[in-house]
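Colleague: Pasting upload_26.txt here (compact mmCIF, C-alpha atoms):
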# COMPACT_ATOMS: atom_id res chain seq x y z
CA MET A 43 -31.91 31.43 13.30
CA ALA A 44 -32.95 32.49 16.79
CA GLN A 45 -30.23 33.40 19.25
CA PRO A 46 -29.71 31.24 22.34
CA ARG A 47 -31.77 32.76 25.14
CA LEU A 48 -28.70 33.15 27.31
CA VAL A 49 -27.45 35.99 25.11
CA ILE A 50 -30.76 37.82 25.36
CA ASP A 51 -31.07 37.19 29.10
CA PHE A 52 -27.71 38.83 29.82
CA VAL A 53 -29.11 42.18 28.72
CA LYS A 54 -32.47 41.85 30.44
CA VAL A 55 -31.15 40.57 33.74
CA CYS A 56 -28.23 42.97 33.98
CA GLU A 57 -30.50 45.93 33.31
CA ARG A 58 -32.74 44.77 36.14
CA GLU A 59 -30.02 43.67 38.56
CA LYS A 60 -27.32 46.31 38.85
CA GLY A 61 -25.10 43.97 40.84
CA CYS A 62 -25.61 41.03 38.52
CA LYS A 63 -21.95 40.12 38.39
CA THR A 64 -22.55 36.38 38.51
CA MET A 65 -24.73 36.19 35.42
CA LYS A 66 -22.79 38.59 33.25
CA ASP A 67 -19.24 37.82 34.34
CA ILE A 68 -19.43 34.07 34.97
CA LEU A 69 -21.83 32.60 32.41
CA ALA A 70 -20.98 35.05 29.65
CA GLU A 71 -17.28 34.56 30.31
CA ILE A 72 -17.62 30.79 30.17
CA VAL A 73 -19.50 30.82 26.86
CA GLU A 74 -17.20 33.39 25.26
CA LYS A 75 -14.10 31.56 26.44
CA LYS A 76 -15.55 28.32 25.14
CA LYS A 77 -15.72 29.80 21.65
CA GLU A 78 -11.99 30.48 21.82
CA ILE A 79 -11.23 27.02 23.20
CA VAL A 80 -13.23 25.28 20.47
CA ALA A 81 -11.66 27.42 17.74
CA GLU A 82 -8.19 26.51 18.99
CA ALA A 83 -9.11 22.82 19.25
CA ARG A 84 -10.33 22.90 15.65
CA ARG A 85 -7.01 24.38 14.58
CA GLN A 86 -5.00 21.81 16.50
CA LEU A 87 -7.10 18.85 15.39
CA PRO A 88 -9.62 19.58 12.62
CA LEU A 89 -13.03 17.93 12.79
CA LYS A 90 -12.21 15.86 9.71
CA GLU A 91 -9.27 14.32 11.58
CA VAL A 92 -11.35 13.71 14.71
CA LYS A 93 -13.92 11.84 12.62
CA ALA A 94 -11.19 9.87 10.87
CA ARG A 95 -9.73 8.78 14.21
CA LEU A 96 -13.15 7.69 15.42
CA ASN A 97 -13.76 5.69 12.27
CA GLU A 98 -10.35 4.03 12.49
CA GLY A 99 -10.43 3.21 16.18
CA LYS A 100 -11.78 -0.15 17.33
CA GLY A 101 -14.80 0.38 19.57
CA SER A 102 -14.58 4.14 19.15
CA PHE A 103 -18.33 4.52 18.90
CA GLY A 104 -20.25 4.23 22.15
CA HIS A 105 -22.87 1.78 23.35
CA PHE A 106 -25.29 4.09 25.19
CA ARG A 107 -23.86 3.04 28.53
CA MET A 108 -25.72 5.73 30.48
CA GLY A 109 -29.06 4.39 29.29
CA HIS A 110 -28.02 0.83 30.03
CA SER A 111 -26.90 1.79 33.54
CA PHE A 112 -30.09 3.67 34.33
CA ARG A 113 -32.24 0.77 33.17
CA GLN A 114 -30.55 -1.51 35.68
CA SER A 115 -31.77 0.44 38.71
CA PRO A 116 -34.77 2.62 39.65
CA TRP A 117 -32.39 5.09 41.32
CA ASN A 118 -29.04 6.38 40.09
CA LEU A 119 -26.34 8.66 41.44
CA ILE A 120 -24.25 10.61 38.96
CA ALA A 121 -21.28 11.60 41.12
CA GLU A 122 -19.32 14.61 39.95
CA CYS A 123 -15.54 14.86 40.01
CA LYS A 124 -15.50 18.57 40.74
CA LEU A 125 -12.54 20.57 42.03
CA GLN A 126 -13.80 24.13 41.70
CA SER A 127 -16.88 26.27 41.17
CA PRO A 128 -16.71 29.65 39.41
CA ALA A 129 -19.13 31.03 42.00
CA LYS A 130 -17.56 29.49 45.15
CA GLY A 131 -13.94 28.91 44.22
CA ARG A 132 -11.95 25.81 45.16
CA LEU A 133 -14.19 23.12 46.63
CA ASN A 134 -11.72 20.33 47.31
CA LYS A 135 -7.95 20.44 47.82
CA THR A 136 -7.43 16.97 49.26
CA HIS A 137 -8.38 14.74 46.30
CA SER A 138 -7.60 14.63 42.61
CA VAL A 139 -10.41 13.91 40.16
CA VAL A 140 -9.06 10.38 39.73
CA GLU A 141 -9.09 9.80 43.49
CA MET A 142 -12.67 11.06 43.62
CA ALA A 143 -13.59 8.73 40.78
CA HIS A 144 -12.21 5.71 42.62
CA ILE A 145 -14.15 6.64 45.77
CA TYR A 146 -17.39 7.11 43.86
CA GLU A 147 -17.01 3.88 41.93
CA ALA A 148 -16.28 1.89 45.09
CA ASN A 149 -19.29 3.28 46.94
CA GLY A 150 -22.21 2.82 44.62
CA ALA A 151 -22.30 5.61 42.04
CA SER A 152 -23.99 4.58 38.79
CA MET A 153 -22.09 7.07 36.67
CA LEU A 154 -19.51 9.83 36.91
CA SER A 155 -19.59 13.42 35.69
CA VAL A 156 -16.18 14.84 34.83
CA HIS A 157 -15.58 18.51 34.04
CA THR A 158 -13.44 19.52 31.08
CA ASP A 159 -14.01 23.27 31.39
CA PRO A 160 -11.10 25.30 32.86
CA HIS A 161 -13.46 27.41 34.99
CA PHE A 162 -13.98 24.24 37.05
CA LEU A 163 -10.29 23.24 36.87
CA GLY A 164 -11.34 20.60 34.38
CA SER A 165 -9.41 19.48 31.31
CA ASN A 166 -9.48 16.91 28.55
CA GLU A 167 -6.41 15.32 30.08
CA SER A 168 -8.07 14.81 33.46
CA PHE A 169 -11.08 13.30 31.69
CA LYS A 170 -8.85 10.79 29.91
CA GLU A 171 -7.16 9.93 33.21
CA VAL A 172 -10.53 9.16 34.79
CA ARG A 173 -11.54 7.15 31.73
CA GLN A 174 -8.47 4.95 32.18
CA ALA A 175 -9.02 4.60 35.92
CA VAL A 176 -12.66 3.47 36.19
CA GLU A 177 -15.21 1.31 34.40
CA LEU A 178 -18.30 3.41 35.13
CA PRO A 179 -20.02 5.37 32.34
CA LEU A 180 -18.70 8.93 32.06
CA LEU A 181 -20.58 12.14 31.33
CA ARG A 182 -18.43 14.86 29.83
CA LYS A 183 -19.48 17.98 31.77
CA ASP A 184 -18.89 20.98 29.58
CA PHE A 185 -20.62 23.86 27.82
CA VAL A 186 -21.39 22.47 24.37
CA ILE A 187 -21.79 25.24 21.80
CA ASP A 188 -20.36 23.49 18.72
CA GLU A 189 -20.79 20.06 17.14
CA TYR A 190 -17.02 19.66 17.30
CA GLN A 191 -17.27 19.13 21.05
CA LEU A 192 -19.52 16.12 20.56
CA TYR A 193 -17.04 14.28 18.35
CA GLU A 194 -14.23 15.37 20.66
CA ALA A 195 -16.15 14.01 23.65
CA ARG A 196 -16.44 10.59 22.10
CA LEU A 197 -12.76 10.63 21.13
CA LEU A 198 -11.99 11.26 24.81
CA GLY A 199 -14.06 8.22 25.75
CA ALA A 200 -17.26 9.92 26.92
CA ASP A 201 -20.41 7.85 27.20
CA ALA A 202 -22.67 10.89 27.45
CA VAL A 203 -22.61 14.65 26.95
CA LEU A 204 -24.40 17.57 28.58
CA LEU A 205 -26.57 19.77 26.37
CA ILE A 206 -27.66 22.97 28.12
CA ALA A 207 -30.93 24.22 26.66
CA ARG A 208 -30.26 27.78 27.80
CA ILE A 209 -27.19 28.26 25.61
CA LEU A 210 -28.46 26.48 22.49
CA THR A 211 -31.14 27.31 19.97
CA PRO A 212 -33.99 24.77 19.60
CA ILE A 213 -32.49 23.70 16.28
CA GLN A 214 -29.03 23.21 17.79
CA LEU A 215 -30.48 21.26 20.69
CA LYS A 216 -32.12 18.74 18.36
CA GLU A 217 -29.17 18.54 15.99
CA TYR A 218 -26.65 17.98 18.78
CA LEU A 219 -28.90 15.36 20.38
CA TYR A 220 -29.03 13.40 17.14
CA THR A 221 -25.28 13.80 16.62
CA ALA A 222 -24.59 12.44 20.10
CA TRP A 223 -26.82 9.46 19.38
CA SER A 224 -25.08 8.85 16.05
CA LEU A 225 -21.85 8.46 18.05
CA GLY A 226 -23.39 5.98 20.47
CA MET A 227 -23.54 8.53 23.30
CA ASP A 228 -26.45 9.45 25.50
CA ALA A 229 -27.23 13.12 26.12
CA LEU A 230 -28.40 14.80 29.30
CA VAL A 231 -30.48 17.84 28.30
CA GLU A 232 -30.25 20.42 31.07
CA VAL A 233 -33.06 22.86 31.84
CA HIS A 234 -33.42 25.69 34.35
CA ASP A 235 -36.97 26.98 33.87
CA GLU A 236 -40.27 26.50 32.07
CA GLU A 237 -39.00 27.86 28.76
CA ASP A 238 -35.99 25.55 28.82
CA MET A 239 -38.30 22.64 29.65
CA GLU A 240 -40.53 23.49 26.71
CA ALA A 241 -37.50 23.36 24.41
CA ALA A 242 -36.41 20.03 25.91
CA MET A 243 -39.91 18.55 25.57
CA ALA A 244 -39.84 19.45 21.87
CA THR A 245 -36.97 16.99 21.42
CA PRO A 246 -36.99 13.21 21.81
CA ALA A 247 -34.35 13.42 24.57
CA GLU A 248 -34.51 10.50 26.99
CA PHE A 249 -32.66 12.20 29.86
CA ILE A 250 -33.76 15.57 31.20
CA GLY A 251 -31.66 17.18 33.92
CA ILE A 252 -33.38 19.87 35.98
CA ASN A 253 -30.73 22.21 37.34
CA ASN A 254 -31.62 23.70 40.71
CA ARG A 255 -29.22 26.63 40.37
CA ASN A 256 -30.71 30.09 39.90
CA LEU A 257 -28.88 31.66 36.97
CA VAL A 258 -29.14 35.15 38.44
CA THR A 259 -28.12 34.51 42.06
CA PHE A 260 -26.38 31.13 41.57
CA GLN A 261 -28.17 29.91 44.70
CA THR A 262 -29.51 26.34 44.66
CA ASP A 263 -32.86 24.97 45.83
CA ILE A 264 -34.35 21.57 45.00
CA LYS A 265 -37.75 23.26 44.87
CA ASN A 266 -36.87 24.18 41.30
CA THR A 267 -37.08 20.52 40.32
CA LEU A 268 -40.42 20.11 42.07
CA GLU A 269 -41.82 23.24 40.44
CA LEU A 270 -40.80 22.17 36.93
CA LEU A 271 -42.17 18.63 37.11
CA PRO A 272 -45.68 19.67 35.97
CA TYR A 273 -44.14 20.96 32.74
CA VAL A 274 -42.92 17.49 31.77
CA THR A 275 -45.30 16.55 28.97
CA ARG A 276 -43.96 13.18 27.85
CA GLU A 277 -42.21 10.12 29.18
CA CYS A 278 -38.55 10.68 29.98
CA THR A 279 -35.98 10.04 32.70
CA LEU A 280 -35.70 12.97 35.10
CA ILE A 281 -32.50 13.80 36.94
CA SER A 282 -32.20 16.57 39.52
CA GLU A 283 -28.92 18.49 39.40
CA SER A 284 -27.19 20.75 41.95
CA GLY A 285 -28.20 21.65 45.48
CA VAL A 286 -28.66 18.07 46.69
CA PHE A 287 -26.83 17.89 50.00
CA THR A 288 -28.72 15.54 52.30
CA GLN A 289 -30.43 12.18 52.31
CA GLU A 290 -33.69 14.04 52.88
CA ASP A 291 -33.13 16.05 49.69
CA GLY A 292 -32.61 12.85 47.75
CA GLU A 293 -35.66 11.14 49.25
CA ILE A 294 -37.88 14.11 48.36
CA LEU A 295 -36.68 14.03 44.77
CA HIS A 296 -37.04 10.25 44.56
CA GLN A 297 -40.62 10.38 45.83
CA ALA A 298 -41.39 13.17 43.35
CA GLY A 299 -40.49 10.90 40.45
CA CYS A 300 -36.83 11.61 39.71
CA LYS A 301 -34.79 8.57 38.67
CA GLY A 302 -31.50 10.03 39.80
CA ILE A 303 -29.46 12.97 40.99
CA LEU A 304 -26.27 14.62 39.83
CA VAL A 305 -24.26 15.65 42.88
CA GLY A 306 -21.00 17.59 42.92
CA GLU A 307 -20.50 19.93 45.86
CA GLY A 308 -22.62 17.74 48.14
CA LEU A 309 -20.01 14.99 47.74
CA VAL A 310 -16.69 16.76 47.28
CA ARG A 311 -17.16 18.94 50.38
CA ALA A 312 -18.43 16.11 52.56
CA GLY A 313 -16.32 15.19 55.58
CA ASP A 314 -16.53 11.53 54.59
CA MET A 315 -16.86 11.38 50.82
CA ALA A 316 -17.22 7.60 50.69
CA ARG A 317 -20.02 7.53 53.26
CA GLN A 318 -21.88 10.40 51.60
CA THR A 319 -21.63 8.63 48.25
CA ARG A 320 -23.17 5.48 49.77
CA ILE A 321 -25.99 7.54 51.27
CA MET A 322 -26.81 9.32 48.01
CA ALA A 323 -26.54 6.11 45.97
CA GLY A 324 -28.82 4.30 48.41
CA ILE A 325 -31.77 6.71 48.22
CA GLY A 326 -35.06 4.84 48.13
CA LYS A 327 -33.44 1.43 48.50
CA LYS A 328 -34.92 0.63 51.95
CA ALA A 329 -38.40 1.59 50.82
CA GLU A 330 -38.07 -0.61 47.74
CA ALA A 331 -36.77 -3.54 49.77
CA SER A 332 -39.75 -3.42 52.13
CA ALA A 333 -42.34 -2.99 49.36
Render the structure in this file as C-alpha cells.

Modeller:
Amino acid sequence: MAQPRLVIDFVKVCEREKGCKTMKDILAEIVEKKKEIVAEARRQLPLKEVKARLNEGKGSFGHFRMGHSFRQSPWNLIAECKLQSPAKGRLNKTHSVVEMAHIYEANGASMLSVHTDPHFLGSNESFKEVRQAVELPLLRKDFVIDEYQLYEARLLGADAVLLIARILTPIQLKEYLYTAWSLGMDALVEVHDEEDMEAAMATPAEFIGINNRNLVTFQTDIKNTLELLPYVTRECTLISESGVFTQEDGEILHQAGCKGILVGEGLVRAGDMARQTRIMAGIGKKAEASA
C-alpha cells in the first residue's frame, strides 16, 4: 500500500527548505501525536465497544445533516470554534468554544467546525459541550488517520468529519468516506494541491474543501482555491477553507463557484465576532435578492 504523501513530502521539502520548521515540526508532530492519541483511545474504549454503544443508542446514527443544510441555501458559512493555531499560537482568549458556538448560531452560520485536536486546544469534551449547546450540524475537525476516529466522531455527536487527502492513501480516503456514510455522517475531503484534488476526484465525495494554507510556509491565500478549480472534474460541492478574512474574499469565492467557506481565524480574531459572522454568512445574498 502506498504511503500517504505527507510522509514523503517531509523529506523532500525539508531537504529543499533548511528552515522548514513548520512542515516538519508542526504537521509531522500532529500526525505522530495523533497515532498515540488514537492508540490510547482504543485501549480506553475498544472499537468493538464504540460500535456496540452506537448500535444500542437511540438515534446514534446520523442523518447527513451537513448535506441537508447545504441544500437549503446556495451559500453556507461553516464557522469554526477555534482557540489556537499551532503556527500562530492563541487566537482568542475572551470566548470559550461554547460561547463562540452560540454567537455563530445566532448570526447565520449554517454549520460549525469544532476542533478536537490538542494542538488547537480542542478536545472531545469541548466537542460534546458544543453538541449539547447548539442545534446546528457539527463538523469534527481533526486529523483522521484511523477508522476508529470515525466511529468515535459519531459517538461524540458529529454530523460530519474531515478527511485530509494529504495524510491518507487513496485507498484509505475511499474507505473512510464510505465508513462515514455508513454512520450517517457527511465527509469534507480536504485538498491542498492538484495531486490532492486528483485523489479527491477519484472518490464519490460530495464535499470538497480546498485549503488555502501553504503546507510549507503556512501562509494563506484564496488564490489557491481559484487555481485548483480547473482541476475539478465532476459535480461536487466546493468549500474554500482558511484565509478568508473579508467580505470581498467571500464574494470572490462565491462568484468563482464555491458554495461555502470554512472560516476560523477570520471570525475568532474579529473585533465584533457577531457582525463578522453575519457578513460572512450573508455573502451573495444581495445579488441573489436582486436577480

Colleague: Using all atoms listed in the file, pick whichever of A:Tyr190, A:Ala151, A:Gly131, A:His110 has the shortest atom-to-atom distance to Ala81 in chain A.

Modeller: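 Using all atoms listed in the file, the shortest distance to Ala81 in chain A belongs to A:Tyr190.
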
Colleague: Do you know which residues are at most 12 Å from Tyr193 in chain A counting all atoms listed in the file, after dropping those on the same chain fewer than 3 positions away, and could you put them as a PDB file with C-alpha atoms, keeping the file's coordinate frame?

Modeller:
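Everything below was put into around-v6.pdb:
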ATOM      1  CA  VAL A  80     -13.230  25.280  20.470  1.00  0.00           C
ATOM      2  CA  ALA A  83      -9.110  22.820  19.250  1.00  0.00           C
ATOM      3  CA  ARG A  84     -10.330  22.900  15.650  1.00  0.00           C
ATOM      4  CA  LEU A  87      -7.100  18.850  15.390  1.00  0.00           C
ATOM      5  CA  PRO A  88      -9.620  19.580  12.620  1.00  0.00           C
ATOM      6  CA  LEU A  89     -13.030  17.930  12.790  1.00  0.00           C
ATOM      7  CA  LYS A  90     -12.210  15.860   9.710  1.00  0.00           C
ATOM      8  CA  GLU A  91      -9.270  14.320  11.580  1.00  0.00           C
ATOM      9  CA  VAL A  92     -11.350  13.710  14.710  1.00  0.00           C
ATOM     10  CA  LYS A  93     -13.920  11.840  12.620  1.00  0.00           C
ATOM     11  CA  ALA A  94     -11.190   9.870  10.870  1.00  0.00           C
ATOM     12  CA  ARG A  95      -9.730   8.780  14.210  1.00  0.00           C
ATOM     13  CA  LEU A  96     -13.150   7.690  15.420  1.00  0.00           C
ATOM     14  CA  ASN A  97     -13.760   5.690  12.270  1.00  0.00           C
ATOM     15  CA  SER A 102     -14.580   4.140  19.150  1.00  0.00           C
ATOM     16  CA  PHE A 103     -18.330   4.520  18.900  1.00  0.00           C
ATOM     17  CA  GLY A 104     -20.250   4.230  22.150  1.00  0.00           C
ATOM     18  CA  ARG A 182     -18.430  14.860  29.830  1.00  0.00           C
ATOM     19  CA  VAL A 186     -21.390  22.470  24.370  1.00  0.00           C
ATOM     20  CA  ASP A 188     -20.360  23.490  18.720  1.00  0.00           C
ATOM     21  CA  GLU A 189     -20.790  20.060  17.140  1.00  0.00           C
ATOM     22  CA  TYR A 190     -17.020  19.660  17.300  1.00  0.00           C
ATOM     23  CA  ARG A 196     -16.440  10.590  22.100  1.00  0.00           C
ATOM     24  CA  LEU A 197     -12.760  10.630  21.130  1.00  0.00           C
ATOM     25  CA  LEU A 198     -11.990  11.260  24.810  1.00  0.00           C
ATOM     26  CA  GLY A 199     -14.060   8.220  25.750  1.00  0.00           C
ATOM     27  CA  ALA A 200     -17.260   9.920  26.920  1.00  0.00           C
ATOM     28  CA  ASP A 201     -20.410   7.850  27.200  1.00  0.00           C
ATOM     29  CA  ALA A 202     -22.670  10.890  27.450  1.00  0.00           C
ATOM     30  CA  VAL A 203     -22.610  14.650  26.950  1.00  0.00           C
ATOM     31  CA  TYR A 218     -26.650  17.980  18.780  1.00  0.00           C
ATOM     32  CA  THR A 221     -25.280  13.800  16.620  1.00  0.00           C
ATOM     33  CA  ALA A 222     -24.590  12.440  20.100  1.00  0.00           C
ATOM     34  CA  TRP A 223     -26.820   9.460  19.380  1.00  0.00           C
ATOM     35  CA  SER A 224     -25.080   8.850  16.050  1.00  0.00           C
ATOM     36  CA  LEU A 225     -21.850   8.460  18.050  1.00  0.00           C
ATOM     37  CA  GLY A 226     -23.390   5.980  20.470  1.00  0.00           C
ATOM     38  CA  MET A 227     -23.540   8.530  23.300  1.00  0.00           C
TER      39      MET A 227
END

Colleague: In Å, how far is it from CA of Val73 in chain A to CA of Ile120 in chain A?

Modeller: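 Between CA of Val73 in chain A and CA of Ile120 in chain A the gap is 24.0 Å.
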
Colleague: Would you mind reading off the distance between CA of Ala70 in chain A and CA of Phe162 in chain A, one decimal, in Å?

Modeller: 14.9 Å

Colleague: How many Å separate CA of Leu133 in chain A from CA of Asp159 in chain A?

Modeller: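 So the answer is 15.2 Å.
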
Colleague: Near range 290-297 of chain A, counting all atoms listed in the file, which residues have an atom at most 8 Å away, once you skip same-chain residues fewer than 5 positions from it, shown as a list of chain:residue names?

Modeller: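 Everything that qualifies: A:Trp117, A:Ile264, A:Thr267, A:Leu268, A:Ser282, A:Gly302, A:Ile303, A:Met322, A:Ile325, A:Gly326.
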
Colleague: At a cut-off of 10 Å, using only C-alpha atoms, what residues contact range 305-312 of chain A? Leave out same-chain residues fewer than 5 positions from it and give the result as a CSV table (one decimal) with C-alpha atoms, in the coordinates of the input.

Modeller:
chain,number,residue,atom,x,y,z
A,119,LEU,CA,-26.3,8.7,41.4
A,120,ILE,CA,-24.2,10.6,39.0
A,121,ALA,CA,-21.3,11.6,41.1
A,122,GLU,CA,-19.3,14.6,40.0
A,123,CYS,CA,-15.5,14.9,40.0
A,124,LYS,CA,-15.5,18.6,40.7
A,125,LEU,CA,-12.5,20.6,42.0
A,126,GLN,CA,-13.8,24.1,41.7
A,127,SER,CA,-16.9,26.3,41.2
A,133,LEU,CA,-14.2,23.1,46.6
A,134,ASN,CA,-11.7,20.3,47.3
A,135,LYS,CA,-8.0,20.4,47.8
A,136,THR,CA,-7.4,17.0,49.3
A,137,HIS,CA,-8.4,14.7,46.3
A,139,VAL,CA,-10.4,13.9,40.2
A,142,MET,CA,-12.7,11.1,43.6
A,146,TYR,CA,-17.4,7.1,43.9
A,154,LEU,CA,-19.5,9.8,36.9
A,155,SER,CA,-19.6,13.4,35.7
A,156,VAL,CA,-16.2,14.8,34.8
A,282,SER,CA,-32.2,16.6,39.5
A,283,GLU,CA,-28.9,18.5,39.4
A,284,SER,CA,-27.2,20.8,42.0
A,285,GLY,CA,-28.2,21.6,45.5
A,286,VAL,CA,-28.7,18.1,46.7
A,287,PHE,CA,-26.8,17.9,50.0
A,288,THR,CA,-28.7,15.5,52.3
A,317,ARG,CA,-20.0,7.5,53.3
A,318,GLN,CA,-21.9,10.4,51.6
A,319,THR,CA,-21.6,8.6,48.2
A,322,MET,CA,-26.8,9.3,48.0

Colleague: Nearest to Glu171 in chain A among A:Asn256, A:Thr245, A:Ser152, A:Thr158, with distances taken over all atoms listed in the file: which residue is it?

Modeller: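 For Glu171 in chain A, the nearest of the given residues is A:Thr158.
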
Colleague: Would you mind telling me which residue in A:Ile79, A:Ile281, A:Ala229, A:Ile68 lies nearest to Ile187 in chain A when using all atoms listed in the file?

Modeller: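 Residue with the minimum atom-to-atom distance to Ile187 in chain A: A:Ile79.
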
Colleague: Just checking: using all atoms listed in the file, which residue out of A:Pro46, A:Gly150, A:Gly299, A:Pro246 ends up closest to Met315 in chain A?

Modeller: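 Looking at the shortest contact to Met315 in chain A, the residue is A:Gly150.
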
Colleague: Under the rule that only C-alpha atoms are counted, which of A:Phe112, A:Phe106, A:Tyr220, A:Phe260 is the nearest residue to His234 in chain A?

Modeller: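 Closest candidate: A:Phe260.
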
Colleague: Hey, which of A:Arg255, A:Arg276, A:Lys183, A:His144 ends up closest to Ala316 in chain A? Count all atoms listed in the file.

Modeller: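 The closest residue to Ala316 in chain A is A:His144.
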
Colleague: List every protein, DNA or RNA residue that has at least one atom no more than 9 Å from (-9.0, 12.2, 34.6) in the file's coordinates, counting all atoms listed in the file, and write the result as a PyMOL selection string.

Modeller: chain A and resi 123+138-140+143+156+164-175

Colleague: Output file request: range 85-96 of chain A, with N, CA, C and O atoms, as a PDB file, in the first residue's frame.

Modeller:
ATOM      1  N   ARG A  85      -7.370   1.749  23.627  1.00  0.00           N
ATOM      2  CA  ARG A  85      -7.175   0.999  24.873  1.00  0.00           C
ATOM      3  C   ARG A  85      -8.278   1.331  25.881  1.00  0.00           C
ATOM      4  O   ARG A  85      -8.787   0.451  26.583  1.00  0.00           O
ATOM      5  N   GLN A  86      -8.617   2.604  25.966  1.00  0.00           N
ATOM      6  CA  GLN A  86      -9.630   3.035  26.930  1.00  0.00           C
ATOM      7  C   GLN A  86     -11.030   2.550  26.554  1.00  0.00           C
ATOM      8  O   GLN A  86     -11.812   2.154  27.416  1.00  0.00           O
ATOM      9  N   LEU A  87     -11.322   2.618  25.254  1.00  0.00           N
ATOM     10  CA  LEU A  87     -12.638   2.212  24.766  1.00  0.00           C
ATOM     11  C   LEU A  87     -12.456   1.524  23.418  1.00  0.00           C
ATOM     12  O   LEU A  87     -12.404   2.184  22.378  1.00  0.00           O
ATOM     13  N   PRO A  88     -12.328   0.212  23.410  1.00  0.00           N
ATOM     14  CA  PRO A  88     -12.083  -0.526  22.168  1.00  0.00           C
ATOM     15  C   PRO A  88     -13.152  -0.255  21.109  1.00  0.00           C
ATOM     16  O   PRO A  88     -14.300   0.074  21.431  1.00  0.00           O
ATOM     17  N   LEU A  89     -12.763  -0.401  19.852  1.00  0.00           N
ATOM     18  CA  LEU A  89     -13.682  -0.134  18.749  1.00  0.00           C
ATOM     19  C   LEU A  89     -14.944  -0.980  18.862  1.00  0.00           C
ATOM     20  O   LEU A  89     -16.045  -0.520  18.553  1.00  0.00           O
ATOM     21  N   LYS A  90     -14.806  -2.210  19.299  1.00  0.00           N
ATOM     22  CA  LYS A  90     -15.970  -3.080  19.460  1.00  0.00           C
ATOM     23  C   LYS A  90     -16.985  -2.468  20.401  1.00  0.00           C
ATOM     24  O   LYS A  90     -18.200  -2.524  20.155  1.00  0.00           O
ATOM     25  N   GLU A  91     -16.502  -1.833  21.480  1.00  0.00           N
ATOM     26  CA  GLU A  91     -17.401  -1.203  22.445  1.00  0.00           C
ATOM     27  C   GLU A  91     -18.013   0.068  21.871  1.00  0.00           C
ATOM     28  O   GLU A  91     -19.184   0.366  22.117  1.00  0.00           O
ATOM     29  N   VAL A  92     -17.226   0.820  21.104  1.00  0.00           N
ATOM     30  CA  VAL A  92     -17.767   2.030  20.464  1.00  0.00           C
ATOM     31  C   VAL A  92     -18.921   1.646  19.539  1.00  0.00           C
ATOM     32  O   VAL A  92     -19.993   2.270  19.563  1.00  0.00           O
ATOM     33  N   LYS A  93     -18.709   0.598  18.727  1.00  0.00           N
ATOM     34  CA  LYS A  93     -19.762   0.160  17.809  1.00  0.00           C
ATOM     35  C   LYS A  93     -20.989  -0.333  18.567  1.00  0.00           C
ATOM     36  O   LYS A  93     -22.131  -0.073  18.157  1.00  0.00           O
ATOM     37  N   ALA A  94     -20.757  -1.023  19.667  1.00  0.00           N
ATOM     38  CA  ALA A  94     -21.872  -1.526  20.468  1.00  0.00           C
ATOM     39  C   ALA A  94     -22.699  -0.374  21.021  1.00  0.00           C
ATOM     40  O   ALA A  94     -23.935  -0.423  21.018  1.00  0.00           O
ATOM     41  N   ARG A  95     -22.031   0.668  21.490  1.00  0.00           N
ATOM     42  CA  ARG A  95     -22.742   1.832  22.032  1.00  0.00           C
ATOM     43  C   ARG A  95     -23.544   2.536  20.947  1.00  0.00           C
ATOM     44  O   ARG A  95     -24.658   3.016  21.194  1.00  0.00           O
ATOM     45  N   LEU A  96     -22.977   2.605  19.747  1.00  0.00           N
ATOM     46  CA  LEU A  96     -23.706   3.226  18.645  1.00  0.00           C
ATOM     47  C   LEU A  96     -24.943   2.413  18.289  1.00  0.00           C
ATOM     48  O   LEU A  96     -26.015   2.959  18.039  1.00  0.00           O
TER      49      LEU A  96
END
